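Shown below: work.pdb, with PDB, C-alpha atoms.
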```
ATOM      1  CA  MET A   1      43.869  19.571  28.995
ATOM      2  CA  GLU A   2      47.140  19.240  27.076
ATOM      3  CA  ASP A   3      45.819  21.714  24.481
ATOM      4  CA  PHE A   4      45.047  24.203  27.225
ATOM      5  CA  LYS A   5      48.589  23.803  28.570
ATOM      6  CA  LYS A   6      49.918  24.668  25.117
ATOM      7  CA  VAL A   7      47.651  27.721  25.006
ATOM      8  CA  LEU A   8      48.930  28.833  28.416
ATOM      9  CA  ARG A   9      52.571  28.390  27.393
ATOM     10  CA  ARG A  10      51.976  30.428  24.220
ATOM     11  CA  ARG A  11      50.218  33.097  26.262
ATOM     12  CA  MET A  12      53.114  33.205  28.726
ATOM     13  CA  TRP A  13      55.602  33.851  25.917
ATOM     14  CA  LEU A  14      53.440  36.672  24.605
ATOM     15  CA  LEU A  15      53.083  38.175  28.081
ATOM     16  CA  ARG A  16      56.842  37.949  28.633
ATOM     17  CA  ALA A  17      57.457  39.726  25.318
ATOM     18  CA  VAL A  18      55.040  42.540  26.212
ATOM     19  CA  MET A  19      56.579  42.749  29.684
ATOM     20  CA  LEU A  20      60.049  43.051  28.168
ATOM     21  CA  VAL A  21      58.886  45.954  25.983
ATOM     22  CA  GLY A  22      57.312  47.559  29.058
ATOM     23  CA  LEU A  23      60.514  47.129  31.085
ATOM     24  CA  LEU A  24      62.609  48.602  28.258
ATOM     25  CA  PHE A  25      60.217  51.547  28.131
ATOM     26  CA  LEU A  26      60.516  51.983  31.910
ATOM     27  CA  LEU A  27      64.307  51.754  31.763
ATOM     28  CA  ASN A  28      64.413  54.387  29.058
ATOM     29  CA  HIS A  29      61.849  56.431  30.914
ATOM     30  CA  GLN A  30      64.017  56.418  34.027
ATOM     31  CA  PHE A  31      67.475  56.896  32.552
ATOM     32  CA  GLU A  32      66.696  58.435  29.110
ATOM     33  CA  LEU A  33      69.037  56.091  27.251
ATOM     34  CA  VAL A  34      67.382  56.821  23.886
ATOM     35  CA  GLN A  35      66.090  60.292  23.066
ATOM     36  CA  LEU A  36      62.435  59.960  22.015
ATOM     37  CA  PRO A  37      60.763  62.671  19.890
ATOM     38  CA  GLY A  38      58.703  65.341  21.672
ATOM     39  CA  HIS A  39      58.839  66.576  25.261
ATOM     40  CA  PRO A  40      56.023  65.361  27.475
ATOM     41  CA  VAL A  41      55.121  67.636  30.376
ATOM     42  CA  ALA A  42      56.106  66.370  33.849
ATOM     43  CA  ALA A  43      52.619  65.130  34.827
ATOM     44  CA  VAL A  44      52.224  63.211  31.556
ATOM     45  CA  ARG A  45      55.707  61.741  31.934
ATOM     46  CA  GLU A  46      54.976  60.560  35.467
ATOM     47  CA  PHE A  47      51.655  59.092  34.360
ATOM     48  CA  GLN A  48      53.366  57.202  31.546
ATOM     49  CA  GLY A  49      55.865  55.768  34.031
ATOM     50  CA  GLY A  50      53.127  54.798  36.483
ATOM     51  CA  LEU A  51      51.014  53.227  33.777
ATOM     52  CA  MET A  52      53.899  51.133  32.458
ATOM     53  CA  SER A  53      54.891  50.046  35.996
ATOM     54  CA  THR A  54      51.302  48.943  36.669
ATOM     55  CA  LEU A  55      51.171  47.097  33.363
ATOM     56  CA  CYS A  56      54.424  45.264  34.140
ATOM     57  CA  ILE A  57      53.186  44.294  37.624
ATOM     58  CA  LEU A  58      49.890  42.999  36.163
ATOM     59  CA  LEU A  59      51.738  40.999  33.531
ATOM     60  CA  ALA A  60      54.049  39.530  36.190
ATOM     61  CA  VAL A  61      51.026  38.475  38.270
ATOM     62  CA  MET A  62      49.441  36.810  35.220
ATOM     63  CA  ILE A  63      52.671  34.985  34.372
ATOM     64  CA  ILE A  64      52.990  33.736  37.961
ATOM     65  CA  ARG A  65      49.362  32.575  37.925
ATOM     66  CA  TYR A  66      49.793  30.689  34.625
ATOM     67  CA  ASN A  67      53.057  29.198  35.823
ATOM     68  CA  ARG A  68      51.348  27.966  38.979
ATOM     69  CA  ALA A  69      48.519  26.464  36.940
ATOM     70  CA  LEU A  70      50.967  24.632  34.688
ATOM     71  CA  GLY A  71      52.589  22.983  37.706
ATOM     72  CA  ASP A  72      49.391  21.926  39.469
ATOM     73  CA  GLU A  73      46.574  19.945  37.820
ATOM     74  CA  ARG A  74      43.892  21.235  40.202
ATOM     75  CA  HIS A  75      44.794  24.876  39.567
ATOM     76  CA  LEU A  76      44.925  24.146  35.849
ATOM     77  CA  GLN A  77      41.432  22.651  35.945
ATOM     78  CA  LEU A  78      40.121  25.621  37.975
ATOM     79  CA  LEU A  79      41.658  28.082  35.529
ATOM     80  CA  TYR A  80      40.247  26.141  32.574
ATOM     81  CA  ASN A  81      36.790  26.067  34.143
ATOM     82  CA  ARG A  82      36.950  29.780  34.934
ATOM     83  CA  GLU A  83      37.933  30.674  31.382
ATOM     84  CA  HIS A  84      35.356  28.381  29.774
ATOM     85  CA  ASP A  85      32.515  28.991  32.209
ATOM     86  CA  GLU A  86      29.323  29.587  30.209
ATOM     87  CA  ARG A  87      27.869  32.050  32.734
ATOM     88  CA  MET A  88      31.009  34.210  32.775
ATOM     89  CA  ARG A  89      31.105  34.105  28.987
ATOM     90  CA  LEU A  90      27.520  35.383  28.883
ATOM     91  CA  ILE A  91      28.318  38.111  31.415
ATOM     92  CA  ARG A  92      31.377  39.220  29.438
ATOM     93  CA  GLN A  93      29.328  39.302  26.244
ATOM     94  CA  LYS A  94      26.573  41.344  27.860
ATOM     95  CA  ALA A  95      29.140  43.804  29.229
ATOM     96  CA  GLY A  96      30.721  44.051  25.758
ATOM     97  CA  MET A  97      33.990  43.026  27.398
ATOM     98  CA  PRO A  98      36.121  41.566  24.602
ATOM     99  CA  ILE A  99      35.884  44.523  22.214
ATOM    100  CA  LEU A 100      35.862  47.185  24.935
ATOM    101  CA  MET A 101      39.089  45.795  26.391
ATOM    102  CA  VAL A 102      40.759  45.885  22.973
ATOM    103  CA  THR A 103      39.616  49.423  22.145
ATOM    104  CA  SER A 104      40.501  50.684  25.643
ATOM    105  CA  LEU A 105      43.977  49.167  25.469
ATOM    106  CA  GLY A 106      44.454  50.657  22.002
ATOM    107  CA  MET A 107      43.422  54.070  23.294
ATOM    108  CA  VAL A 108      45.801  53.813  26.265
ATOM    109  CA  VAL A 109      48.721  52.879  23.992
ATOM    110  CA  ALA A 110      47.780  55.692  21.588
ATOM    111  CA  GLY A 111      47.502  58.039  24.578
ATOM    112  CA  VAL A 112      50.961  57.132  25.872
ATOM    113  CA  VAL A 113      52.462  57.776  22.427
ATOM    114  CA  ALA A 114      50.470  60.990  22.006
ATOM    115  CA  GLY A 115      51.766  62.114  25.405
ATOM    116  CA  TYR A 116      55.136  62.826  23.803
ATOM    117  CA  PHE A 117      53.585  65.417  21.517
ATOM    118  CA  ASN A 118      50.397  66.801  23.009
ATOM    119  CA  ALA A 119      49.136  66.734  26.598
ATOM    120  CA  VAL A 120      45.498  67.464  25.651
ATOM    121  CA  VAL A 121      45.301  64.515  23.242
ATOM    122  CA  PHE A 122      46.945  62.361  25.919
ATOM    123  CA  MET A 123      44.386  63.370  28.568
ATOM    124  CA  THR A 124      41.466  62.881  26.152
ATOM    125  CA  LEU A 125      42.518  59.402  25.072
ATOM    126  CA  ILE A 126      43.358  58.199  28.578
ATOM    127  CA  GLY A 127      40.158  59.743  29.982
ATOM    128  CA  ALA A 128      37.987  58.140  27.301
ATOM    129  CA  ALA A 129      39.690  54.764  27.822
ATOM    130  CA  LEU A 130      39.167  54.986  31.586
ATOM    131  CA  ILE A 131      35.481  55.853  31.214
ATOM    132  CA  GLN A 132      35.023  52.944  28.808
ATOM    133  CA  LEU A 133      36.678  50.583  31.261
ATOM    134  CA  VAL A 134      34.699  51.866  34.240
ATOM    135  CA  VAL A 135      31.405  51.471  32.349
ATOM    136  CA  ALA A 136      32.357  47.960  31.198
ATOM    137  CA  VAL A 137      33.332  46.913  34.732
ATOM    138  CA  ALA A 138      30.136  48.443  36.186
ATOM    139  CA  VAL A 139      27.947  46.597  33.664
ATOM    140  CA  LYS A 140      29.876  43.381  34.318
ATOM    141  CA  LEU A 141      29.396  43.711  38.083
ATOM    142  CA  TYR A 142      25.685  44.346  37.531
ATOM    143  CA  TYR A 143      25.316  41.148  35.501
ATOM    144  CA  VAL A 144      27.423  39.168  37.988
ATOM    145  CA  ARG A 145      24.794  40.068  40.591
ATOM    146  CA  VAL A 146      21.801  39.493  38.309
ATOM    147  CA  LEU A 147      22.890  36.219  36.663
TER     148      LEU A 147
ATOM    149  CA  MET B   1      14.596  27.369  36.671
ATOM    150  CA  LYS B   2      13.706  25.248  39.684
ATOM    151  CA  ASN B   3      16.057  22.381  40.398
ATOM    152  CA  ASN B   4      17.138  20.075  43.199
ATOM    153  CA  ILE B   5      20.898  20.330  42.819
ATOM    154  CA  ARG B   6      21.346  21.562  46.381
ATOM    155  CA  GLN B   7      19.393  18.597  47.722
ATOM    156  CA  LEU B   8      21.376  16.125  45.596
ATOM    157  CA  ARG B   9      24.608  17.720  46.748
ATOM    158  CA  LYS B  10      23.618  17.487  50.389
ATOM    159  CA  GLU B  11      22.724  13.811  49.974
ATOM    160  CA  ARG B  12      26.224  13.127  48.689
ATOM    161  CA  LYS B  13      27.922  15.601  51.060
ATOM    162  CA  LEU B  14      29.364  17.406  48.085
ATOM    163  CA  SER B  15      30.469  21.028  48.098
ATOM    164  CA  GLN B  16      29.618  23.458  45.295
ATOM    165  CA  GLU B  17      33.320  23.680  44.494
ATOM    166  CA  GLU B  18      33.616  19.901  44.085
ATOM    167  CA  LEU B  19      30.543  19.729  41.864
ATOM    168  CA  ALA B  20      31.798  22.679  39.792
ATOM    169  CA  LEU B  21      35.162  21.028  39.298
ATOM    170  CA  ALA B  22      33.518  17.756  38.268
ATOM    171  CA  VAL B  23      31.208  19.297  35.659
ATOM    172  CA  GLY B  24      33.686  21.861  34.333
ATOM    173  CA  THR B  25      32.238  25.090  35.625
ATOM    174  CA  THR B  26      32.759  27.512  38.506
ATOM    175  CA  ARG B  27      31.409  27.517  42.049
ATOM    176  CA  GLN B  28      29.668  30.829  41.336
ATOM    177  CA  THR B  29      27.750  29.302  38.425
ATOM    178  CA  ILE B  30      26.588  26.400  40.579
ATOM    179  CA  THR B  31      25.415  28.929  43.201
ATOM    180  CA  SER B  32      23.525  30.921  40.555
ATOM    181  CA  ILE B  33      21.842  27.791  39.212
ATOM    182  CA  GLU B  34      20.883  26.641  42.715
ATOM    183  CA  VAL B  35      19.272  29.966  43.606
ATOM    184  CA  GLU B  36      17.517  30.014  40.191
ATOM    185  CA  ARG B  37      19.225  33.184  39.006
ATOM    186  CA  TYR B  38      20.855  31.509  36.041
ATOM    187  CA  THR B  39      19.457  28.841  33.723
ATOM    188  CA  ALA B  40      22.091  26.302  32.778
ATOM    189  CA  SER B  41      22.653  25.451  29.123
ATOM    190  CA  LEU B  42      21.529  22.047  27.903
ATOM    191  CA  VAL B  43      25.133  20.800  27.930
ATOM    192  CA  LEU B  44      25.764  21.886  31.512
ATOM    193  CA  ALA B  45      22.367  20.606  32.651
ATOM    194  CA  TYR B  46      23.185  17.239  31.067
ATOM    195  CA  LYS B  47      26.620  17.136  32.743
ATOM    196  CA  ILE B  48      25.114  17.893  36.160
ATOM    197  CA  ALA B  49      22.350  15.322  35.755
ATOM    198  CA  HIS B  50      24.824  12.753  34.449
ATOM    199  CA  TYR B  51      27.136  13.412  37.400
ATOM    200  CA  PHE B  52      24.315  12.587  39.823
ATOM    201  CA  GLY B  53      23.256   9.600  37.705
ATOM    202  CA  ARG B  54      19.832  11.101  36.984
ATOM    203  CA  GLN B  55      17.801  12.181  33.966
ATOM    204  CA  ILE B  56      17.806  15.937  33.256
ATOM    205  CA  GLU B  57      14.097  16.242  34.076
ATOM    206  CA  GLU B  58      14.716  14.625  37.453
ATOM    207  CA  VAL B  59      17.174  17.389  38.358
ATOM    208  CA  PHE B  60      15.619  20.383  36.593
ATOM    209  CA  ASP B  61      11.940  21.323  36.636
ATOM    210  CA  PHE B  62      10.857  22.145  33.091
ATOM    211  CA  GLY B  63       7.236  22.659  34.099
ATOM    212  CA  GLU B  64       7.806  26.368  34.632
ATOM    213  CA  ILE B  65       9.187  26.796  31.103
ATOM    214  CA  ASP B  66       6.220  24.868  29.651
ATOM    215  CA  GLU B  67       3.825  27.241  31.423
ATOM    216  CA  LYS B  68       5.655  30.333  30.113
ATOM    217  CA  GLY B  69       5.701  28.879  26.603
ATOM    218  CA  ARG B  70       1.915  28.536  26.472
TER     219      ARG B  70
END
```
As structure tokens:
Amino acid sequence: MEDFKKVLRRRMWLLRAVMLVGLLFLLNHQFELVQLPGHPVAAVREFQGGLMSTLCILLAVMIIRYNRALGDERHLQLLYNREHDERMRLIRQKAGMPILMVTSLGMVVAGVVAGYFNAVVFMTLIGAALIQLVVAVAVKLYYVRVL
Amino acid sequence: MKNNIRQLRKERKLSQEELALAVGTTRQTITSIEVERYTASLVLAYKIAHYFGRQIEEVFDFGEIDEKGR
């Protein structure tokens, strides 16, 4: 279990780093401290802000959850079991989860960047990422019921 | 796969959560195994049987698999 604690601590540092980048983006988004290239239209700009806020909230929740697990052996064991559960691993594999999450996240990041230059590319990338995620979640829910 | 995990649990007044915690899995997986929706891996089956102090074949019914294999 000590190894898992190390993994969690490493993960928490990574999450904090990503959260810091997100917060800096939000700060700049709100107060325009640094002039970024391109001029996103208002809707795209608001979406970028909303997306980053959601991401920061999700990261904060994950950090709190990991922190709680590190301070309580029972929660740590539950988290370990949940992450290493063979049935959930099978379900995730069947739903194509690991790779779909990576590609969807990549598309969202690319979409946010593209939003500074072209609204159509932004919409396309975000739309495609959302559809991918919805399909993956639907397939996962199906297998959760079946298995 | 048919099994008598539920019965063994009841005998020991053990909840699914407690069994899951003891064998390193989740409550949902124990539920799925009990209702025969999910077939446990050999490792998990061994852990469950070992936890109850039984042989695997005493907890899980392999007869069904033998019939399908023929």
To one decimal in Å, tell me the separation between atom CA of A:Gly22 and atom CA of A:Leu55.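 Atom CA of A:Leu55 lies 7.5 Å from atom CA of A:Gly22.
Nearest to chain B of all the residues A:Leu20, A:Met101, A:Leu147, A:Leu27 is A:Leu147, counting all atoms listed in the file.
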Residues within 12 Å of stretch 113-125 of chain A, all atoms listed in the file, excluding chain neighbours under 4 positions, as a PDB file with C-alpha atoms, keeping the file's coordinate frame:
```
ATOM      1  CA  PHE A  25      60.217  51.547  28.131  1.00  0.00           C
ATOM      2  CA  HIS A  29      61.849  56.431  30.914  1.00  0.00           C
ATOM      3  CA  GLN A  35      66.090  60.292  23.066  1.00  0.00           C
ATOM      4  CA  LEU A  36      62.435  59.960  22.015  1.00  0.00           C
ATOM      5  CA  PRO A  37      60.763  62.671  19.890  1.00  0.00           C
ATOM      6  CA  GLY A  38      58.703  65.341  21.672  1.00  0.00           C
ATOM      7  CA  HIS A  39      58.839  66.576  25.261  1.00  0.00           C
ATOM      8  CA  PRO A  40      56.023  65.361  27.475  1.00  0.00           C
ATOM      9  CA  VAL A  41      55.121  67.636  30.376  1.00  0.00           C
ATOM     10  CA  ALA A  42      56.106  66.370  33.849  1.00  0.00           C
ATOM     11  CA  ALA A  43      52.619  65.130  34.827  1.00  0.00           C
ATOM     12  CA  VAL A  44      52.224  63.211  31.556  1.00  0.00           C
ATOM     13  CA  ARG A  45      55.707  61.741  31.934  1.00  0.00           C
ATOM     14  CA  GLU A  46      54.976  60.560  35.467  1.00  0.00           C
ATOM     15  CA  PHE A  47      51.655  59.092  34.360  1.00  0.00           C
ATOM     16  CA  GLN A  48      53.366  57.202  31.546  1.00  0.00           C
ATOM     17  CA  GLY A  49      55.865  55.768  34.031  1.00  0.00           C
ATOM     18  CA  THR A 103      39.616  49.423  22.145  1.00  0.00           C
ATOM     19  CA  SER A 104      40.501  50.684  25.643  1.00  0.00           C
ATOM     20  CA  LEU A 105      43.977  49.167  25.469  1.00  0.00           C
ATOM     21  CA  GLY A 106      44.454  50.657  22.002  1.00  0.00           C
ATOM     22  CA  MET A 107      43.422  54.070  23.294  1.00  0.00           C
ATOM     23  CA  VAL A 108      45.801  53.813  26.265  1.00  0.00           C
ATOM     24  CA  VAL A 109      48.721  52.879  23.992  1.00  0.00           C
ATOM     25  CA  ALA A 129      39.690  54.764  27.822  1.00  0.00           C
ATOM     26  CA  LEU A 130      39.167  54.986  31.586  1.00  0.00           C
ATOM     27  CA  ILE A 131      35.481  55.853  31.214  1.00  0.00           C
ATOM     28  CA  GLN A 132      35.023  52.944  28.808  1.00  0.00           C
TER      29      GLN A 132
END
```
Listing only residues of chain A within 12 Å of chain B, what is the closest atom pair and its distance in Å (to one decimal) for each, using only C-alpha atoms, sorted by chain and residue number ascending, as JSON lines?
```
{"residue": "A:Met1", "atom": "CA", "partner": "B:Gly24", "partner_atom": "CA", "distance": 11.7}
{"residue": "A:Glu73", "atom": "CA", "partner": "B:Leu21", "partner_atom": "CA", "distance": 11.6}
{"residue": "A:Arg74", "atom": "CA", "partner": "B:Leu21", "partner_atom": "CA", "distance": 8.8}
{"residue": "A:His75", "atom": "CA", "partner": "B:Leu21", "partner_atom": "CA", "distance": 10.4}
{"residue": "A:Leu76", "atom": "CA", "partner": "B:Leu21", "partner_atom": "CA", "distance": 10.8}
{"residue": "A:Gln77", "atom": "CA", "partner": "B:Leu21", "partner_atom": "CA", "distance": 7.3}
{"residue": "A:Leu78", "atom": "CA", "partner": "B:Leu21", "partner_atom": "CA", "distance": 6.9}
{"residue": "A:Leu79", "atom": "CA", "partner": "B:Thr26", "partner_atom": "CA", "distance": 9.4}
{"residue": "A:Tyr80", "atom": "CA", "partner": "B:Gly24", "partner_atom": "CA", "distance": 8.0}
{"residue": "A:Asn81", "atom": "CA", "partner": "B:Thr25", "partner_atom": "CA", "distance": 4.9}
{"residue": "A:Arg82", "atom": "CA", "partner": "B:Thr26", "partner_atom": "CA", "distance": 6.0}
{"residue": "A:Glu83", "atom": "CA", "partner": "B:Thr25", "partner_atom": "CA", "distance": 9.0}
{"residue": "A:His84", "atom": "CA", "partner": "B:Thr25", "partner_atom": "CA", "distance": 7.4}
{"residue": "A:Asp85", "atom": "CA", "partner": "B:Thr25", "partner_atom": "CA", "distance": 5.2}
{"residue": "A:Glu86", "atom": "CA", "partner": "B:Thr25", "partner_atom": "CA", "distance": 7.6}
{"residue": "A:Arg87", "atom": "CA", "partner": "B:Thr29", "partner_atom": "CA", "distance": 6.3}
{"residue": "A:Met88", "atom": "CA", "partner": "B:Thr29", "partner_atom": "CA", "distance": 8.2}
{"residue": "A:Arg89", "atom": "CA", "partner": "B:Thr29", "partner_atom": "CA", "distance": 11.1}
{"residue": "A:Leu90", "atom": "CA", "partner": "B:Tyr38", "partner_atom": "CA", "distance": 10.5}
{"residue": "A:Ile91", "atom": "CA", "partner": "B:Tyr38", "partner_atom": "CA", "distance": 11.0}
{"residue": "A:Tyr143", "atom": "CA", "partner": "B:Arg37", "partner_atom": "CA", "distance": 10.6}
{"residue": "A:Val144", "atom": "CA", "partner": "B:Gln28", "partner_atom": "CA", "distance": 9.3}
{"residue": "A:Arg145", "atom": "CA", "partner": "B:Arg37", "partner_atom": "CA", "distance": 9.0}
{"residue": "A:Val146", "atom": "CA", "partner": "B:Arg37", "partner_atom": "CA", "distance": 6.9}
{"residue": "A:Leu147", "atom": "CA", "partner": "B:Tyr38", "partner_atom": "CA", "distance": 5.2}
```
Separation of atom CA of A:Leu100 from atom CA of A:Leu15, in Å and rounded to one decimal: 19.7 Å
With 8 Å on each side, where is the centre of the axis-aligned box around all listed atoms of stretch 26-38 of chain A, and how long are its edges in Å to one decimal, as AutoDock Vina command-line options?
```
--center_x 63.9 --center_y 58.5 --center_z 27.0 --size_x 26.3 --size_y 29.6 --size_z 30.1
```
What is the atom CA of A:Tyr142 to atom CA of A:Leu51 distance in Å?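 These atoms are spaced 27.1 Å apart.
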What's around stretch 7-12 of chain B at 12 Å? Count all atoms listed in the file, leave out sequence neighbours fewer than 5 positions away in its own chain, and write the answer as a PDB file with C-alpha atoms, keeping the file's coordinate frame.
```pdb
ATOM      1  CA  LYS B   2      13.706  25.248  39.684  1.00  0.00           C
ATOM      2  CA  GLU B  17      33.320  23.680  44.494  1.00  0.00           C
ATOM      3  CA  GLU B  18      33.616  19.901  44.085  1.00  0.00           C
ATOM      4  CA  LEU B  19      30.543  19.729  41.864  1.00  0.00           C
ATOM      5  CA  ALA B  20      31.798  22.679  39.792  1.00  0.00           C
ATOM      6  CA  ILE B  30      26.588  26.400  40.579  1.00  0.00           C
ATOM      7  CA  THR B  31      25.415  28.929  43.201  1.00  0.00           C
ATOM      8  CA  GLU B  34      20.883  26.641  42.715  1.00  0.00           C
ATOM      9  CA  ILE B  48      25.114  17.893  36.160  1.00  0.00           C
ATOM     10  CA  ALA B  49      22.350  15.322  35.755  1.00  0.00           C
ATOM     11  CA  TYR B  51      27.136  13.412  37.400  1.00  0.00           C
ATOM     12  CA  PHE B  52      24.315  12.587  39.823  1.00  0.00           C
ATOM     13  CA  GLY B  53      23.256   9.600  37.705  1.00  0.00           C
ATOM     14  CA  ARG B  54      19.832  11.101  36.984  1.00  0.00           C
ATOM     15  CA  GLU B  58      14.716  14.625  37.453  1.00  0.00           C
ATOM     16  CA  VAL B  59      17.174  17.389  38.358  1.00  0.00           C
ATOM     17  CA  PHE B  60      15.619  20.383  36.593  1.00  0.00           C
TER      18      PHE B  60
END
```
Extract stretch 55-63 of chain B from the structure I just pasted (atoms: all heavy atoms) and return it as an mmCIF file, in the first residue's frame.
```
data_model
loop_
_atom_site.group_PDB
_atom_site.id
_atom_site.type_symbol
_atom_site.label_atom_id
_atom_site.label_comp_id
_atom_site.auth_asym_id
_atom_site.auth_seq_id
_atom_site.Cartn_x
_atom_site.Cartn_y
_atom_site.Cartn_z
ATOM 1 N N GLN B 55 -12.205 -24.693 -0.647
ATOM 2 C CA GLN B 55 -11.587 -24.915 -1.948
ATOM 3 C C GLN B 55 -12.403 -24.144 -2.986
ATOM 4 O O GLN B 55 -13.607 -23.932 -2.787
ATOM 5 C CB GLN B 55 -11.616 -26.408 -2.311
ATOM 6 C CG GLN B 55 -10.863 -27.302 -1.335
ATOM 7 C CD GLN B 55 -9.356 -27.103 -1.417
ATOM 8 O OE1 GLN B 55 -8.805 -26.963 -2.497
ATOM 9 N NE2 GLN B 55 -8.703 -27.068 -0.259
ATOM 10 N N ILE B 56 -11.771 -23.759 -4.085
ATOM 11 C CA ILE B 56 -12.491 -22.986 -5.122
ATOM 12 C C ILE B 56 -13.760 -23.722 -5.577
ATOM 13 O O ILE B 56 -14.823 -23.138 -5.693
ATOM 14 C CB ILE B 56 -11.589 -22.698 -6.346
ATOM 15 C CG1 ILE B 56 -10.460 -21.730 -5.963
ATOM 16 C CG2 ILE B 56 -12.409 -22.104 -7.483
ATOM 17 C CD1 ILE B 56 -9.592 -21.308 -7.127
ATOM 18 N N GLU B 57 -13.617 -25.031 -5.813
ATOM 19 C CA GLU B 57 -14.771 -25.784 -6.345
ATOM 20 C C GLU B 57 -15.908 -25.934 -5.323
ATOM 21 O O GLU B 57 -17.023 -26.283 -5.699
ATOM 22 C CB GLU B 57 -14.333 -27.155 -6.893
ATOM 23 C CG GLU B 57 -13.567 -28.024 -5.932
ATOM 24 C CD GLU B 57 -12.057 -27.821 -6.042
ATOM 25 O OE1 GLU B 57 -11.642 -26.686 -6.312
ATOM 26 O OE2 GLU B 57 -11.307 -28.789 -5.821
ATOM 27 N N GLU B 58 -15.604 -25.635 -4.079
ATOM 28 C CA GLU B 58 -16.672 -25.663 -3.063
ATOM 29 C C GLU B 58 -17.483 -24.364 -3.101
ATOM 30 O O GLU B 58 -18.626 -24.325 -2.665
ATOM 31 C CB GLU B 58 -16.079 -25.819 -1.660
ATOM 32 C CG GLU B 58 -15.489 -27.196 -1.383
ATOM 33 C CD GLU B 58 -14.902 -27.260 0.007
ATOM 34 O OE1 GLU B 58 -15.664 -27.452 0.956
ATOM 35 O OE2 GLU B 58 -13.672 -27.076 0.141
ATOM 36 N N VAL B 59 -16.857 -23.311 -3.603
ATOM 37 C CA VAL B 59 -17.536 -22.003 -3.664
ATOM 38 C C VAL B 59 -18.141 -21.769 -5.039
ATOM 39 O O VAL B 59 -19.251 -21.260 -5.172
ATOM 40 C CB VAL B 59 -16.543 -20.865 -3.310
ATOM 41 C CG1 VAL B 59 -17.229 -19.505 -3.369
ATOM 42 C CG2 VAL B 59 -15.911 -21.090 -1.946
ATOM 43 N N PHE B 60 -17.409 -22.147 -6.083
ATOM 44 C CA PHE B 60 -17.887 -21.929 -7.455
ATOM 45 C C PHE B 60 -18.241 -23.267 -8.107
ATOM 46 O O PHE B 60 -17.534 -24.256 -7.911
ATOM 47 C CB PHE B 60 -16.803 -21.229 -8.290
ATOM 48 C CG PHE B 60 -16.504 -19.839 -7.816
ATOM 49 C CD1 PHE B 60 -15.520 -19.607 -6.866
ATOM 50 C CD2 PHE B 60 -17.214 -18.752 -8.309
ATOM 51 C CE1 PHE B 60 -15.243 -18.329 -6.405
ATOM 52 C CE2 PHE B 60 -16.944 -17.475 -7.856
ATOM 53 C CZ PHE B 60 -15.961 -17.257 -6.902
ATOM 54 N N ASP B 61 -19.324 -23.249 -8.891
ATOM 55 C CA ASP B 61 -19.767 -24.470 -9.561
ATOM 56 C C ASP B 61 -19.207 -24.497 -10.983
ATOM 57 O O ASP B 61 -19.661 -23.758 -11.855
ATOM 58 C CB ASP B 61 -21.303 -24.497 -9.596
ATOM 59 C CG ASP B 61 -21.829 -25.730 -10.295
ATOM 60 O OD1 ASP B 61 -21.032 -26.656 -10.552
ATOM 61 O OD2 ASP B 61 -23.030 -25.764 -10.587
ATOM 62 N N PHE B 62 -18.230 -25.360 -11.205
ATOM 63 C CA PHE B 62 -17.597 -25.429 -12.526
ATOM 64 C C PHE B 62 -18.319 -26.400 -13.466
ATOM 65 O O PHE B 62 -17.944 -26.525 -14.619
ATOM 66 C CB PHE B 62 -16.123 -25.853 -12.391
ATOM 67 C CG PHE B 62 -15.253 -24.784 -11.779
ATOM 68 C CD1 PHE B 62 -15.042 -24.739 -10.408
ATOM 69 C CD2 PHE B 62 -14.673 -23.811 -12.569
ATOM 70 C CE1 PHE B 62 -14.254 -23.749 -9.832
ATOM 71 C CE2 PHE B 62 -13.885 -22.816 -12.001
ATOM 72 C CZ PHE B 62 -13.670 -22.786 -10.630
ATOM 73 N N GLY B 63 -19.342 -27.048 -12.963
ATOM 74 C CA GLY B 63 -20.080 -28.014 -13.767
ATOM 75 C C GLY B 63 -20.645 -27.404 -15.036
ATOM 76 O O GLY B 63 -20.570 -27.984 -16.112
#
```
